[in-house]
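*Asks:* Sending over input_28.cif (mmCIF, C-alpha atoms).
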data_run
#
loop_
_atom_site.label_atom_id
_atom_site.label_comp_id
_atom_site.auth_asym_id
_atom_site.auth_seq_id
_atom_site.Cartn_x
_atom_site.Cartn_y
_atom_site.Cartn_z
CA MET A 1 -29.64 9.48 -11.83
CA GLU A 2 -32.18 12.29 -11.81
CA GLU A 3 -34.49 10.43 -9.44
CA LEU A 4 -31.66 10.27 -6.90
CA MET A 5 -31.39 14.03 -6.82
CA LYS A 6 -33.53 15.55 -4.11
CA LEU A 7 -31.72 18.88 -4.02
CA ASP A 8 -33.89 21.35 -5.84
CA ARG A 9 -32.08 24.65 -5.45
CA PRO A 10 -31.87 27.25 -8.17
CA GLU A 11 -28.51 27.54 -9.92
CA GLU A 12 -27.98 30.98 -8.35
CA GLU A 13 -28.01 29.37 -4.89
CA ILE A 14 -25.70 26.56 -5.97
CA ASN A 15 -23.28 29.20 -7.27
CA LEU A 16 -23.12 30.61 -3.74
CA LEU A 17 -22.08 27.29 -2.18
CA SER A 18 -18.45 26.80 -1.30
CA PRO A 19 -16.39 25.11 -4.01
CA LEU A 20 -15.42 22.63 -1.29
CA THR A 21 -19.11 21.72 -1.00
CA TRP A 22 -19.20 21.10 -4.75
CA ALA A 23 -16.07 18.95 -4.37
CA TYR A 24 -17.65 17.04 -1.47
CA VAL A 25 -20.55 16.04 -3.73
CA GLY A 26 -18.30 15.60 -6.78
CA ASP A 27 -16.07 13.13 -4.94
CA CYS A 28 -19.06 10.89 -4.31
CA VAL A 29 -20.54 11.25 -7.81
CA TYR A 30 -17.20 10.52 -9.47
CA GLU A 31 -16.47 7.48 -7.31
CA LEU A 32 -19.95 6.10 -7.92
CA TYR A 33 -19.44 6.60 -11.67
CA ILE A 34 -16.11 4.73 -11.57
CA ARG A 35 -17.47 1.89 -9.43
CA THR A 36 -20.56 1.49 -11.61
CA ASN A 37 -18.47 1.56 -14.77
CA LEU A 38 -16.09 -1.09 -13.44
CA VAL A 39 -18.95 -3.35 -12.32
CA SER A 40 -20.54 -2.95 -15.77
CA THR A 41 -17.38 -3.62 -17.77
CA THR A 42 -15.46 -6.19 -15.72
CA ASN A 43 -16.01 -9.38 -13.76
CA LEU A 44 -13.72 -8.40 -10.91
CA LYS A 45 -14.36 -9.46 -7.34
CA PRO A 46 -14.96 -6.73 -4.73
CA HIS A 47 -11.36 -6.42 -3.52
CA LYS A 48 -10.05 -6.14 -7.09
CA LEU A 49 -12.85 -3.67 -7.88
CA HIS A 50 -11.70 -1.57 -4.95
CA MET A 51 -8.05 -1.69 -6.05
CA GLU A 52 -9.00 -0.71 -9.61
CA THR A 53 -11.26 2.10 -8.37
CA ILE A 54 -8.41 3.60 -6.37
CA LYS A 55 -6.40 3.99 -9.57
CA TYR A 56 -9.04 6.41 -10.88
CA VAL A 57 -10.13 8.27 -7.76
CA LYS A 58 -6.75 9.10 -6.26
CA ALA A 59 -5.73 12.76 -6.42
CA LYS A 60 -2.94 12.24 -8.95
CA SER A 61 -5.28 10.55 -11.45
CA GLN A 62 -7.97 13.19 -11.03
CA ALA A 63 -5.42 15.99 -11.53
CA GLU A 64 -4.09 14.28 -14.67
CA PHE A 65 -7.61 13.80 -16.04
CA LEU A 66 -8.42 17.46 -15.43
CA ALA A 67 -5.26 18.49 -17.29
CA ARG A 68 -6.30 16.34 -20.27
CA ILE A 69 -9.79 17.86 -20.52
CA GLN A 70 -8.96 21.46 -19.57
CA ASP A 71 -9.11 22.70 -23.18
CA LYS A 72 -12.53 21.08 -23.68
CA LEU A 73 -14.18 23.01 -20.84
CA THR A 74 -16.48 25.96 -21.33
CA GLU A 75 -15.62 29.33 -19.83
CA GLU A 76 -18.11 28.70 -17.01
CA GLU A 77 -16.60 25.26 -16.30
CA SER A 78 -13.08 26.72 -16.30
CA ASP A 79 -14.25 29.27 -13.74
CA ILE A 80 -15.68 26.48 -11.56
CA VAL A 81 -12.34 24.65 -11.82
CA ARG A 82 -10.43 27.82 -10.88
CA ARG A 83 -12.68 28.37 -7.86
CA GLY A 84 -12.25 24.75 -6.79
CA ARG A 85 -8.48 24.88 -7.20
CA ASN A 86 -8.19 28.11 -5.20
CA ALA A 87 -10.58 27.12 -2.40
CA GLU A 88 -9.08 27.45 1.06
CA ASN A 89 -8.70 23.86 2.18
CA HIS A 90 -6.94 23.09 5.44
CA HIS A 91 -6.80 19.38 4.73
CA LEU A 92 -3.34 18.05 4.00
CA PRO A 93 -3.12 15.29 1.41
CA LYS A 94 -1.75 11.94 2.55
CA ASN A 95 -0.84 10.31 -0.75
CA SER A 96 -0.24 13.24 -3.08
CA ASN A 97 1.44 16.60 -3.19
CA VAL A 98 -0.40 19.86 -2.54
CA GLN A 99 -0.63 20.82 -6.23
CA GLU A 100 -2.14 17.46 -7.24
CA TYR A 101 -4.58 17.70 -4.36
CA ARG A 102 -5.69 21.21 -5.38
CA TYR A 103 -6.29 20.11 -8.97
CA ALA A 104 -8.12 16.98 -7.79
CA THR A 105 -10.32 19.21 -5.64
CA ALA A 106 -10.92 21.41 -8.69
CA PHE A 107 -11.95 18.35 -10.72
CA GLU A 108 -14.29 17.15 -7.98
CA ALA A 109 -15.75 20.66 -7.69
CA LEU A 110 -16.56 20.62 -11.40
CA ILE A 111 -18.21 17.20 -11.16
CA GLY A 112 -20.19 18.25 -8.09
CA TYR A 113 -21.25 21.54 -9.62
CA LEU A 114 -22.52 19.89 -12.82
CA TYR A 115 -24.39 17.32 -10.75
CA LEU A 116 -25.96 19.85 -8.39
CA THR A 117 -27.03 22.14 -11.23
CA LYS A 118 -28.51 19.10 -13.00
CA LYS A 119 -26.35 19.55 -16.08
CA LEU A 120 -26.27 15.79 -16.37
CA GLY A 121 -25.76 15.68 -20.13
CA ARG A 122 -22.58 17.73 -19.81
CA LEU A 123 -21.50 15.71 -16.78
CA LYS A 124 -21.85 12.54 -18.82
CA GLU A 125 -19.86 14.07 -21.71
CA ILE A 126 -17.00 14.94 -19.39
CA LEU A 127 -16.97 11.57 -17.65
CA ASN A 128 -17.03 9.80 -21.01
CA LEU A 129 -13.74 11.52 -21.86
CA LEU A 130 -12.01 9.20 -19.40
#
Could you show the structure in this file as structure tokens?
*Replies:*
Amino acid sequence: MEELMKLDRPEEEINLLSPLTWAYVGDCVYELYIRTNLVSTTNLKPHKLHMETIKYVKAKSQAEFLARIQDKLTEEESDIVRRGRNAENHHLPKNSNVQEYRYATAFEALIGYLYLTKKLGRLKEILNLL
């Protein structure tokens, strides 16, 4: 995974990015993790892989996962989650309610932040809690 990362910004600069930018990256990282995990652990065909992936990456599932791991987060990670949850997002969710969507954005922000700051060991720990 490290060789895929071309972004080489100091953590101080990453802290200044919008939480929605973290979530933008986190959405991709999380979906890639889920897809890779499903390909590695199942023999499903592409359509079934897609249907199974949706179960994990939809806002409701992400919000539920965040709720389950909330007490395992560090103070810094909880702050990242809070910033992601409170980010001003003008996008209206299609298949979830506003609260689920905000918590899903918070989860994605955490994943994106850990990825961008190259805290890959911690990212792996969190994703393995699934």
*Asks:* From the options A:Lys60, A:His50, A:Lys45, A:Arg9, which residue's atoms come nearest to A:Asn97, counting only C-alpha atoms?
*Replies:*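 Of A:Lys60, A:His50, A:Lys45, A:Arg9, the one nearest A:Asn97 is A:Lys60, counting only C-alpha atoms.
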*Asks:* Would you mind telling me which residue in A:Lys118, A:Arg35, A:His91, A:Arg85 lies nearest to A:Ile14 when using only C-alpha atoms?
*Replies:*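 Residue with the minimum atom-to-atom distance to A:Ile14: A:Lys118.
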*Asks:* Suppose a student applies the PyMOL selection byres ((chain A and resi 124) around 12) to this structure; what residues should they get, written as a count of residues only?
*Replies:* 19
*Asks:* Around (-26.5, 27.0, -4.3), as given in the file, which residues come within 12 Å? Count all atoms listed in the file and list them as a VMD selection string.
*Replies:* chain A and resid 7 to 19 21 to 22 112 to 118
*Asks:* Would you put the residues from that selection into a file with C-alpha atoms, as a short mmCIF file (atom, residue, chain, number, x, y, z; two decimals), in the coordinates of the input?
*Replies:*
data_model
loop_
_atom_site.label_atom_id
_atom_site.label_comp_id
_atom_site.auth_asym_id
_atom_site.auth_seq_id
_atom_site.Cartn_x
_atom_site.Cartn_y
_atom_site.Cartn_z
CA LEU A 7 -31.72 18.88 -4.02
CA ASP A 8 -33.89 21.35 -5.84
CA ARG A 9 -32.08 24.65 -5.45
CA PRO A 10 -31.87 27.25 -8.17
CA GLU A 11 -28.51 27.54 -9.92
CA GLU A 12 -27.98 30.98 -8.35
CA GLU A 13 -28.01 29.37 -4.89
CA ILE A 14 -25.70 26.56 -5.97
CA ASN A 15 -23.28 29.20 -7.27
CA LEU A 16 -23.12 30.61 -3.74
CA LEU A 17 -22.08 27.29 -2.18
CA SER A 18 -18.45 26.80 -1.30
CA PRO A 19 -16.39 25.11 -4.01
CA THR A 21 -19.11 21.72 -1.00
CA TRP A 22 -19.20 21.10 -4.75
CA GLY A 112 -20.19 18.25 -8.09
CA TYR A 113 -21.25 21.54 -9.62
CA LEU A 114 -22.52 19.89 -12.82
CA TYR A 115 -24.39 17.32 -10.75
CA LEU A 116 -25.96 19.85 -8.39
CA THR A 117 -27.03 22.14 -11.23
CA LYS A 118 -28.51 19.10 -13.00
#
*Asks:* So, counting only C-alpha atoms, which residue among A:Thr42, A:Gln99, A:Val25, A:Glu76 is closest to A:Ala63?
*Replies:*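 Comparing A:Thr42, A:Gln99, A:Val25, A:Glu76 against A:Ala63, the winner is A:Gln99.
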*Asks:* Can you tell me how far atom CA of A:Phe107 sits from atom CA of A:Glu31, in Å to one decimal?
*Replies:*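 Atom CA of A:Glu31 lies 12.3 Å from atom CA of A:Phe107.
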*Asks:* Looking at only C-alpha atoms, which of A:Ile34, A:Glu64, A:Cys28, A:Ala106 is the one that sits closest to A:Met51?
*Replies:*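 Smallest separation from A:Met51 among the options: A:Ile34.
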*Asks:* Tell me which of A:Ala109, A:Ala67, A:Leu49, A:Val39 sits closest to A:Ala87, counting all atoms listed in the file.
*Replies:*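 Ranking A:Ala109, A:Ala67, A:Leu49, A:Val39 by distance to A:Ala87, first place goes to A:Ala109.
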